[in-house]
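Reading through the structure tokens given below for one structure.
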Amino acid sequence: MSPFRKILIANRGEIAVRVARTCRAMGIPTVAVFSEVDREALHVREADEAVAIGPAEARHSYLNIATLIAAAQRTGAMAIHPGYGFLSQNADFADAVAAAGLTFIGPPGPVHHAMGDKQGARRLMAAAGVSVVPGYDGDDQQDSTLAAEAARIGWPVMLKPSRGGGGKGMRVVRSAAEFAAALAQSRRESTAAFGGDVMVLERFVARTRHVEVQVLADGHGTTLHLHERECSIQRRHQKVIEESPSPGLDAAQRVTLYAAAVAAARAAHYVNAGTVEFLLDPEGRFYFLEMNTRLQVEHAVTEAVTGLDLVRLQIQVAAGKPVVLRQEEIVTRGHALECRVYAEDPDHDDLPSPGRILFFAPPEGPGIRTDSGIATGSEVTVDYDPMLAKVVTWGRDRTESIERMRAALARTAVLGVVTNLSRLQAILAHPAFGRGELHTGFLDEHLADFSRPQPPPPEALTAAIAALQRSRLSSKGPGAPTAADPWASLGAWRLA
Amino acid sequence: MSPFRKILIANRGEIAVRVARTCRAMGIPTVAVFSEVDREALHVREADEAVAIGPAEARHSYLNIATLIAAAQRTGAMAIHPGYGFLSQNADFADAVAAAGLTFIGPPGPVHHAMGDKQGARRLMAAAGVSVVPGYDGDDQQDSTLAAEAARIGWPVMLKPSRGGGGKGMRVVRSAAEFAAALAQSRRESTAAFGGDVMVLERFVARTRHVEVQVLADGHGTTLHLHERECSIQRRHQKVIEESPSPGLDAAQRVTLYAAAVAAARAAHYVNAGTVEFLLDPEGRFYFLEMNTRLQVEHAVTEAVTGLDLVRLQIQVAAGKPVVLRQEEIVTRGHALECRVYAEDPDHDDLPSPGRILFFAPPEGPGIRTDSGIATGSEVTVDYDPMLAKVVTWGRDRTESIERMRAALARTAVLGVVTNLSRLQAILAHPAFGRGELHTGFLDEHLADFSRPQPPPPEALTAAIAALQRSRLSSKGPGAPTAADPWASLGAWRLA
Amino acid sequence: MIRLLWGETELEVDPRAAASLDVRPLGPGTFVLRRGDAIETFHCVRDGDAFHLFWRGAAYRLEELGEGHRAAQRHATGALEAPMPGKVIAVRKAAGELVVKGEEILIVEAMKMENAIRAPRDARVKRIAARVGDMVAPGAVLVELE
Amino acid sequence: MIRLLWGETELEVDPRAAASLDVRPLGPGTFVLRRGDAIETFHCVRDGDAFHLFWRGAAYRLEELGEGHRAAQRHATGALEAPMPGKVIAVRKAAGELVVKGEEILIVEAMKMENAIRAPRDARVKRIAARVGDMVAPGAVLVELE
């Protein structure tokens with residue numbers, strides 16, 4: 001028996017595709033939603049029904065609570081999966097879904113409310129005895145108060161929107177002189193992305209690792225951890241490469257970390273899948289960073305090492321079923337890596353690179369999983385997050401998963417937009433990465449002057465011109481291509 | 001350090017692609033070989049070099065020992081991976097490769113010789129105390145002797161070429177009247193496929209399971225088992241669906257079975273990866289069937305449950321490295337299924353269906369792996385085995401892997417040739433399959449009159465005509481497609 | 001009406017119904033159909049006068065029939081055709097011989113499997129239209145019975 | 001010679017050398033090159049006057065330059081261009097104001113990230129060519145400095 005007759009997926013891109021796939025395996029029909037620019041997007045094709053929800057601008061479509069609930073009601077969806085980003089951590093949305101008699105696949109509103117803003121979460125965790133980074137989480141949000149608190153904490157200071165995630169609006173401020181401009185910019189970004197501009201300040205600790213624990217609670221008294229992920233490779237405070245297990249933890253640290261994560265989840269009265277993020281300083285001390293009350297982008301590495309399907313578990317928990325797994329049954333095997341492929345130009349300060357995907361071929365092979373939101377012909381617009389796909393590899397050990405990832409990245413062909421694939425390859429090839437010597441400043445330390453693109457080798461250019469010549473020849477020839485060369489006429493397809 | 005500077009893959013299709021992928025992850029360049037009709041085949045594209053080895057007919061190309069060794073020498077390949085089929089179990093080939101100073105990735109010639117023919121293998125196993133199916137494995141191969149022995153064994157009798165595999169030339173003979181014609185046909189097929197026509201007779205036991213154990217021996221004294229696979233779903237004695245673990249074994253049977261397999265491998269002085277096949281009768285008794293001295297088609301299910309890369313292990317063992325795994329480290333997790341997609345028409349007596357692949361989209365999603373030998377545009381010729389691809393799913397338990405397989409098969413789009421996908425779907429949907437009640441006569445018992453193809457629903461036909469209309473419209477329009485509809489002109493691509 | 005042949009079955013489609021559908025191409029061979037909220041991604045590829053369709057997990061081959069075209073009489077009485085492309089590897093009977101129902105007349109090999117062409121009824125062989133070694137195309141008449 | 005532009009760099013290809021290569025199409029956007037035994041599968045897609053190439057794990061965008069065509073002077077002195085398509089969300093300076101090197105002049109948002117257009121040197125603003133809310137295309141001149 002399917003737990004829900006139909007599920008609406010209130011998201012787009014790779015996560016909407018990925019959620020739809022688990023639903024399909026479970027025999028649950030799905031409803032996609034799409035904004036005007038996403039009418040032909042990949043996530044729409046994966047669904048059984050698709051409802052237009054408004055213009056490109058997210059706040060009028062993917063962030064429009066009333067429209068999403070109306071779409072669910074019209075199509076008879078019994079539950080809504082929010083994915084990540086957008087409304088996934090929005091307490092009002094979770095409440096509104098419940099008020100409409102539907103099931104929100106995620107924690108209930110009060111949990112989002114308590115943990116969804118960093119300010120409240122820091123206070124709750126400190127009260128529960130989980131250590132937090134020294135900082136400021138007060139209600140007085142005047143610019144002058146924040147500037148004074150920043151000076152008290154000591155430079156550099158990390159500026160974080162109390163709401164939000166994904167690195168948006170986060171900034172390291174290195175001196176009092178920079179503070180006012182940085183605060184204003186973070187507040188603007190925060191307002192645009194999350195609809196609020198309350199800020200939290202934290203001491204910026206250099207050379208820290210970002211380590212997080214996946215948790216799962218069923219609301220019937222069971223709260224489990226699904227081991228950790230390390231996400232220290234970041235760019236602009238946005239995760240780029242994640243892995244599990246972390247190469248920076250020993251067995252004793254793991255025990256402590258898992259216990260802290262479960263304690264945090266219990267303190268938050270957590271239900272469904274969530275993530276407790278920690279900062280691990282060079283001395284091996286943990287600090288609670290925040291709790292993400294949703295599925296993470298990087299959940300696939302946990303799936304690879306634990307063998308669990310987190311979306312399936314989310315759906316079962318949302319349906320009120322107790323989790324039958326015991327903690328000791330959740331064991332990891334091998335090592336998994338995830339590389340996020342972004343439409344950003346690593347040679348030009350990571351400028352977004354929207355455009356049409358003229359060719360996309362995901363890598364294939366044993367131990368490789370690609371979760372993609374694009375296909376050849378997809379349009380990458382300026383309206384949404386520039387993440388195109390996640391390449392996930394699994395291996396018996398970290399060496400094998402790195403080997404597989406390097407082979408996979410070299411076969412990930414994306415044409416039409418500029419991607420960060422060259423930087424991902426450089427990171428994977430770096431000796432310090434191979435040794436597992438990771439910290440959140442890894443890219444600045446090791447690859448700050450990475451940007452030295454090499455021109456295509458002469459042989460490649462000649463081959464490309466030959467390819468175009470062949471295409472032209474045959475497109476000048478008589479109408480239909482011959483059986484011997486059926487593809488010739490396609491070589492030249494123009495995408496204006 | 002790579003164990004070999006370069007490897008030649010003496011095969012084609014999905015297995016050549018699959019071997020090349022592990023080589024790539026290991027950083028080892030590969031050399032593909034191709035017959036005249038395979039010049040553009042997928043396996044060629046996966047390699048770094050590709051050598052033409054002759055005409056379509058396999059005995060002049062993929063079975064031509066001298067040509068293959070010359071190709072390896074010319075390109076500087078240090079080792080040859082034979083894949084499965086073709087020369088993979090050919091003792092002369094293994095010997096010739098070694099004599100040429102190259103490494104054969106598989107057991108040495110004498111092992112192939114001893115185990116590669118069923119006659120010798122039966123005798124060796126009986127001598128080593130492993131039980132074999134009652135039958136005849138004598139040297140006297142006169143038709144009259146075989147007929148008399150068949151009568152002595154009792155009808156029905158299974159007729160098997162002493163050399164060979166893949167079900168070719170195997171036949172169940174139900175009465176003396178059928179025997180002569182069946183023997184002649186099996187001998188012809190055996191000669192064509194394996195170059196010899198010595199036959200073995202075995203009592204045909206109804207409602208048996210086919211269970212096999214993957215073994216791995218390193219030549220330094222370590223012989224390990226990698227658990228079992230069940231391959232009872234067969235058509236024309238050819239495996240169609242395989243899984244691991246077997247749903248028909250209890251813990252005590254597993255212990256016995258693994259011990260028998262390891263004993264068999266040791267008796268054969270086995271080196272490298274191999275498979276010991278058993279027949280499990282309805283009373284739970286095992287009989288040795290044969291030993292396959294090569295990688296199996298279905299090795300991917302073992303990889304899915306053990307997490308081991310068998311091709312990597314094969315290469316390491318061939319390079320003389322000891323296997324560092326301990327038996328107790330080789331544990332299975334969850335359940336894996338493999339479905340073989342054949343270019344055969346299940347509605348017309350499984351007639352082969354060669355042709356051009358006009359469209360191929362492998363299924364995607366968590367827990368799905370597709371090993372394919374084709375891409376859109378590939379030519380499936382009459383010259384080789386009709387297997388196009390293997391769809392492999394993994395799940396936490398058999399229920400989840402079946403769910404995932406059903407979703408995967410429904411998304412495996414192959415156009416241009418007829419495939420057995422409709423039958424695979426029918427098997428997966430059958431309650432007896434779901435209950436794990438498998439035996440080698442499963443298809444005859446449950447799906448003998450499966451062939452009731454339904455016409456496409458009217459809605460589908462109308463949509464198809466609409467798709468063709470759109471294609472025509474735009475191809476009549478002005479030259480370049482518009483940005484809004486860049487694909488329109490491709491909808492109509494003709495493949496003459 | 002557009003007339004289509006699926007196997008031996010003739011089917012009809014109203015081209016105006018097709019023209020009014022919301023079907024759009026998404027990539028080579030891939031299309032999406034929308035009817036209200038319902039959405040269906042399908043694959044369709046033209047192949048000469050035929051086309052291939054993948055719809056909800058099933059593949060179909062369809063032939064478009066022109067004006068006044070009739071489905072070919074595929075099985076003229078007494079004619080046995082090659083069921084698939086392949087090579088004739090054995091001929092068991094000659095013209096004038098009698099065959100009983102189920103008896104092998106010749107054998108075509110493809111993809112390393114032998115496929116016997118057997119008598120569908122008791123009859124006398126009128127003509128054997130293939131020799132050992134011949135490559136034959138599907139539908140080629142191999143044997144005529146009286 | 002065929003002249004190509006890769007970023008700001010001009011490259012040349014001998015069309016006869018290309019014509020003599022063994023390059024064959026394998027599928028949409030996919031080609032195979034053979035030189036002796038060596039084989040290389042690569043991807044190449046045309047896009048107006050440009051084409052995109054995927055070769056040994058790296059992607060390149062190249063523009064074909066016509067006869068006598070010169071690479072455009074992309075950075076006219078004093079003109080600041082939009083680095084990517086996006087929306088102008090803030091304008092900090094007006095014509096006539098002085099700016100110091102590194103100072104924000106305006107902010108373009110795309111994919112939810114803000115990108116500041118900063119003064120490359122101390123200068124006086126001659127013209128601001130965009131207003132808050134404008135959607136701008138890459139290369140569009142946003143600011144002119146004196």
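Residues are named by chain letter and number: chains run A, B, ... in the order of the structure tokens, numbers start at 1 in each chain, and ligands are numbered from 1 in the order shown.
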
List as number ranges by chain the protein and nucleic acid residues near region 113-117 of chain D, meaning an atom at most 9 Å away when only C-alpha atoms are counted, but skip any in the same chain fewer than 6 places from it. A: 168-169, 185, 189, 351-352, 385; D: 80-83, 89, 102-107, 142-143

Output all heavy atoms of each residue in that selection to a file, as a short mmCIF file (atom, residue, chain, number, x, y, z; two decimals), in the first residue's frame.
data_model
loop_
_atom_site.label_atom_id
_atom_site.label_comp_id
_atom_site.auth_asym_id
_atom_site.auth_seq_id
_atom_site.Cartn_x
_atom_site.Cartn_y
_atom_site.Cartn_z
N LYS A 168 23.97 31.84 0.88
CA LYS A 168 23.52 33.15 0.39
C LYS A 168 23.51 34.17 1.51
O LYS A 168 22.98 33.91 2.59
CB LYS A 168 22.14 33.02 -0.24
CG LYS A 168 22.24 32.45 -1.64
CD LYS A 168 20.94 31.91 -2.15
CE LYS A 168 21.21 31.10 -3.42
NZ LYS A 168 20.17 30.12 -3.68
N GLY A 169 24.10 35.32 1.24
CA GLY A 169 24.13 36.40 2.21
C GLY A 169 25.20 36.22 3.28
O GLY A 169 25.35 37.07 4.15
N GLN A 185 24.87 44.53 2.25
CA GLN A 185 24.75 43.59 1.14
C GLN A 185 24.15 42.27 1.60
O GLN A 185 23.27 41.70 0.96
CB GLN A 185 26.12 43.37 0.48
CG GLN A 185 25.99 42.55 -0.81
CD GLN A 185 27.22 42.67 -1.69
OE1 GLN A 185 28.16 43.37 -1.37
NE2 GLN A 185 27.20 41.96 -2.81
N GLU A 189 20.65 40.56 0.25
CA GLU A 189 20.59 39.19 -0.29
C GLU A 189 19.66 38.32 0.54
O GLU A 189 18.93 37.49 0.03
CB GLU A 189 22.00 38.57 -0.35
CG GLU A 189 22.88 39.20 -1.42
CD GLU A 189 24.27 38.59 -1.52
OE1 GLU A 189 24.47 37.47 -0.99
OE2 GLU A 189 25.13 39.21 -2.12
N LEU A 351 31.34 33.75 -12.23
CA LEU A 351 30.15 34.41 -12.76
C LEU A 351 29.16 33.36 -13.22
O LEU A 351 29.54 32.38 -13.87
CB LEU A 351 30.53 35.29 -13.95
CG LEU A 351 31.16 36.62 -13.59
CD1 LEU A 351 31.50 37.37 -14.87
CD2 LEU A 351 30.19 37.44 -12.74
N PRO A 352 27.89 33.59 -12.91
CA PRO A 352 26.87 32.67 -13.41
C PRO A 352 26.91 32.64 -14.93
O PRO A 352 27.20 33.63 -15.58
CB PRO A 352 25.56 33.30 -12.93
CG PRO A 352 25.94 34.16 -11.79
CD PRO A 352 27.32 34.65 -12.07
N ASP A 385 18.91 28.87 -8.88
CA ASP A 385 20.22 28.39 -8.48
C ASP A 385 20.97 27.79 -9.68
O ASP A 385 20.38 27.09 -10.50
CB ASP A 385 19.99 27.31 -7.42
CG ASP A 385 21.27 26.90 -6.76
OD1 ASP A 385 21.94 25.98 -7.28
OD2 ASP A 385 21.61 27.49 -5.73
N LEU D 80 32.19 49.90 -18.69
CA LEU D 80 32.05 48.72 -17.84
C LEU D 80 30.83 47.94 -18.30
O LEU D 80 29.74 48.50 -18.43
CB LEU D 80 31.88 49.12 -16.37
CG LEU D 80 33.01 49.97 -15.79
CD1 LEU D 80 32.77 50.23 -14.30
CD2 LEU D 80 34.36 49.30 -16.00
N GLU D 81 31.04 46.65 -18.56
CA GLU D 81 29.97 45.86 -19.15
C GLU D 81 29.36 44.90 -18.14
O GLU D 81 30.00 44.51 -17.17
CB GLU D 81 30.54 45.01 -20.30
CG GLU D 81 31.16 45.86 -21.39
CD GLU D 81 31.88 44.99 -22.39
OE1 GLU D 81 31.96 43.75 -22.18
OE2 GLU D 81 32.37 45.54 -23.39
N ALA D 82 28.14 44.47 -18.44
CA ALA D 82 27.51 43.43 -17.63
C ALA D 82 28.26 42.14 -17.87
O ALA D 82 28.45 41.74 -19.02
CB ALA D 82 26.04 43.27 -18.01
N PRO D 83 28.73 41.48 -16.81
CA PRO D 83 29.52 40.26 -17.01
C PRO D 83 28.65 39.05 -17.33
O PRO D 83 29.14 38.05 -17.84
CB PRO D 83 30.22 40.08 -15.68
CG PRO D 83 29.33 40.76 -14.69
CD PRO D 83 28.60 41.84 -15.40
N ILE D 89 19.98 45.53 -9.55
CA ILE D 89 19.20 45.67 -8.33
C ILE D 89 19.62 46.87 -7.50
O ILE D 89 18.95 47.21 -6.53
CB ILE D 89 19.23 44.40 -7.46
CG1 ILE D 89 20.67 44.05 -7.06
CG2 ILE D 89 18.57 43.23 -8.17
CD1 ILE D 89 20.71 43.15 -5.85
N GLY D 102 37.83 50.11 -7.02
CA GLY D 102 37.26 49.06 -6.16
C GLY D 102 35.89 49.42 -5.62
O GLY D 102 35.22 48.55 -5.04
N GLU D 103 35.47 50.63 -5.83
CA GLU D 103 34.18 51.05 -5.27
C GLU D 103 33.03 50.48 -6.11
O GLU D 103 33.11 50.42 -7.34
CB GLU D 103 34.12 52.59 -5.25
CG GLU D 103 33.11 53.14 -4.26
CD GLU D 103 33.15 54.68 -4.19
OE1 GLU D 103 33.99 55.29 -4.88
OE2 GLU D 103 32.34 55.23 -3.44
N GLU D 104 31.97 50.11 -5.43
CA GLU D 104 30.78 49.60 -6.13
C GLU D 104 30.10 50.71 -6.89
O GLU D 104 29.81 51.77 -6.32
CB GLU D 104 29.74 49.09 -5.11
CG GLU D 104 29.98 47.70 -4.63
CD GLU D 104 28.88 47.26 -3.66
OE1 GLU D 104 27.85 47.95 -3.56
OE2 GLU D 104 29.08 46.22 -3.01
N ILE D 105 29.75 50.45 -8.14
CA ILE D 105 28.99 51.45 -8.90
C ILE D 105 27.55 50.96 -9.04
O ILE D 105 26.62 51.69 -8.81
CB ILE D 105 29.64 51.73 -10.27
CG1 ILE D 105 31.08 52.19 -10.04
CG2 ILE D 105 28.83 52.77 -11.03
CD1 ILE D 105 31.87 52.40 -11.30
N LEU D 106 27.41 49.70 -9.45
CA LEU D 106 26.07 49.13 -9.41
C LEU D 106 26.15 47.62 -9.19
O LEU D 106 27.24 47.04 -9.19
CB LEU D 106 25.22 49.51 -10.63
CG LEU D 106 25.79 49.38 -12.04
CD1 LEU D 106 25.81 47.92 -12.43
CD2 LEU D 106 24.90 50.16 -13.01
N ILE D 107 24.99 47.01 -8.96
CA ILE D 107 24.96 45.59 -8.61
C ILE D 107 23.99 44.86 -9.53
O ILE D 107 22.86 45.31 -9.74
CB ILE D 107 24.54 45.41 -7.14
CG1 ILE D 107 25.61 46.05 -6.23
CG2 ILE D 107 24.37 43.93 -6.80
CD1 ILE D 107 25.27 46.04 -4.77
N LEU D 142 27.14 49.18 -19.02
CA LEU D 142 26.34 49.65 -17.88
C LEU D 142 26.80 51.02 -17.41
O LEU D 142 26.00 51.81 -16.93
CB LEU D 142 26.44 48.65 -16.72
CG LEU D 142 26.02 47.21 -17.03
CD1 LEU D 142 26.22 46.36 -15.79
CD2 LEU D 142 24.56 47.18 -17.47
N VAL D 143 28.09 51.23 -17.49
CA VAL D 143 28.69 52.44 -16.92
C VAL D 143 29.76 52.94 -17.89
O VAL D 143 30.51 52.12 -18.44
CB VAL D 143 29.36 52.14 -15.56
CG1 VAL D 143 30.02 53.39 -14.99
CG2 VAL D 143 28.36 51.55 -14.58
#

Could you list, as a VMD selection string, every residue within 6 Å of region 411-427 of chain B, counting only C-alpha atoms and ignoring same-chain residues fewer than 3 positions away? (chain B and resid 342 to 346 353 355 to 363 408 430) or (chain C and resid 57)

Write out as a Markdown table the residues of chain C that have any atom within 9 Å of an atom of chain B, one row each with the nearest atom pair and its distance in Å to one decimal, counting only C-alpha atoms, sorted by chain and then rising number.
| residue | atom | partner | partner_atom | distance |
| --- | --- | --- | --- | --- |
| C:Ile2 | CA | B:Ile465 | CA | 8.7 |
| C:Trp6 | CA | B:Pro455 | CA | 7.2 |
| C:Gly7 | CA | B:Pro455 | CA | 9.0 |
| C:Thr9 | CA | B:Pro455 | CA | 8.4 |
| C:Leu11 | CA | B:Pro458 | CA | 8.7 |
| C:Glu12 | CA | B:Pro458 | CA | 8.5 |
| C:Val13 | CA | B:Thr462 | CA | 6.0 |
| C:Asp14 | CA | B:Thr462 | CA | 7.3 |
| C:Pro15 | CA | B:Ile465 | CA | 7.3 |
| C:Ala17 | CA | B:Thr462 | CA | 6.9 |
| C:Ala18 | CA | B:Ala466 | CA | 4.6 |
| C:Ala19 | CA | B:Ala466 | CA | 5.8 |
| C:Ser20 | CA | B:Ala466 | CA | 8.2 |
| C:Leu21 | CA | B:Ala466 | CA | 6.7 |
| C:Asp22 | CA | B:Ala466 | CA | 8.3 |
| C:Val23 | CA | B:Ala467 | CA | 6.3 |
| C:Arg24 | CA | B:Ala467 | CA | 7.1 |
| C:Pro25 | CA | B:Ala488 | CA | 6.0 |
| C:Leu26 | CA | B:Trp487 | CA | 6.5 |
| C:Gly27 | CA | B:Trp487 | CA | 5.6 |
| C:Pro28 | CA | B:Leu490 | CA | 5.5 |
| C:Gly29 | CA | B:Gly491 | CA | 5.7 |
| C:Thr30 | CA | B:Gly491 | CA | 7.7 |
| C:Phe31 | CA | B:Ala467 | CA | 6.8 |
| C:Val32 | CA | B:Ala467 | CA | 8.8 |
| C:Leu33 | CA | B:Ala463 | CA | 6.8 |
| C:Phe42 | CA | B:Ala464 | CA | 8.4 |
| C:His43 | CA | B:Ala413 | CA | 7.8 |
| C:Cys44 | CA | B:Ala464 | CA | 6.4 |
| C:Val45 | CA | B:Leu358 | CA | 6.7 |
| C:Arg46 | CA | B:Arg494 | CA | 5.8 |
| C:Asp47 | CA | B:Leu495 | CA | 5.4 |
| C:Gly48 | CA | B:Ala496 | CA | 5.8 |
| C:Phe51 | CA | B:Gly416 | CA | 8.7 |
| C:His52 | CA | B:Leu415 | CA | 6.0 |
| C:Leu53 | CA | B:Ala464 | CA | 6.9 |
| C:Phe54 | CA | B:Ala413 | CA | 6.4 |
| C:Trp55 | CA | B:Ala460 | CA | 6.6 |
| C:Arg56 | CA | B:Ala410 | CA | 6.7 |
| C:Gly57 | CA | B:Ala410 | CA | 4.0 |
| C:Ala58 | CA | B:Ser422 | CA | 6.9 |
| C:Ala59 | CA | B:Leu415 | CA | 6.7 |
| C:Tyr60 | CA | B:Pro456 | CA | 7.0 |
| C:Arg61 | CA | B:Gly416 | CA | 8.0 |
| C:Pro83 | CA | B:Leu351 | CA | 7.2 |
| C:Met84 | CA | B:Pro352 | CA | 6.6 |
| C:Pro85 | CA | B:Val382 | CA | 7.0 |
| C:Gly86 | CA | B:Val382 | CA | 6.3 |
| C:Lys87 | CA | B:Val382 | CA | 8.8 |
| C:Glu109 | CA | B:Val382 | CA | 8.6 |
| C:Ala110 | CA | B:Val382 | CA | 5.2 |
| C:Met111 | CA | B:Tyr384 | CA | 4.8 |
| C:Lys112 | CA | B:Tyr384 | CA | 6.6 |
| C:Met113 | CA | B:Lys168 | CA | 7.2 |
| C:Glu114 | CA | B:Glu189 | CA | 7.3 |
| C:Asn115 | CA | B:Leu351 | CA | 7.9 |
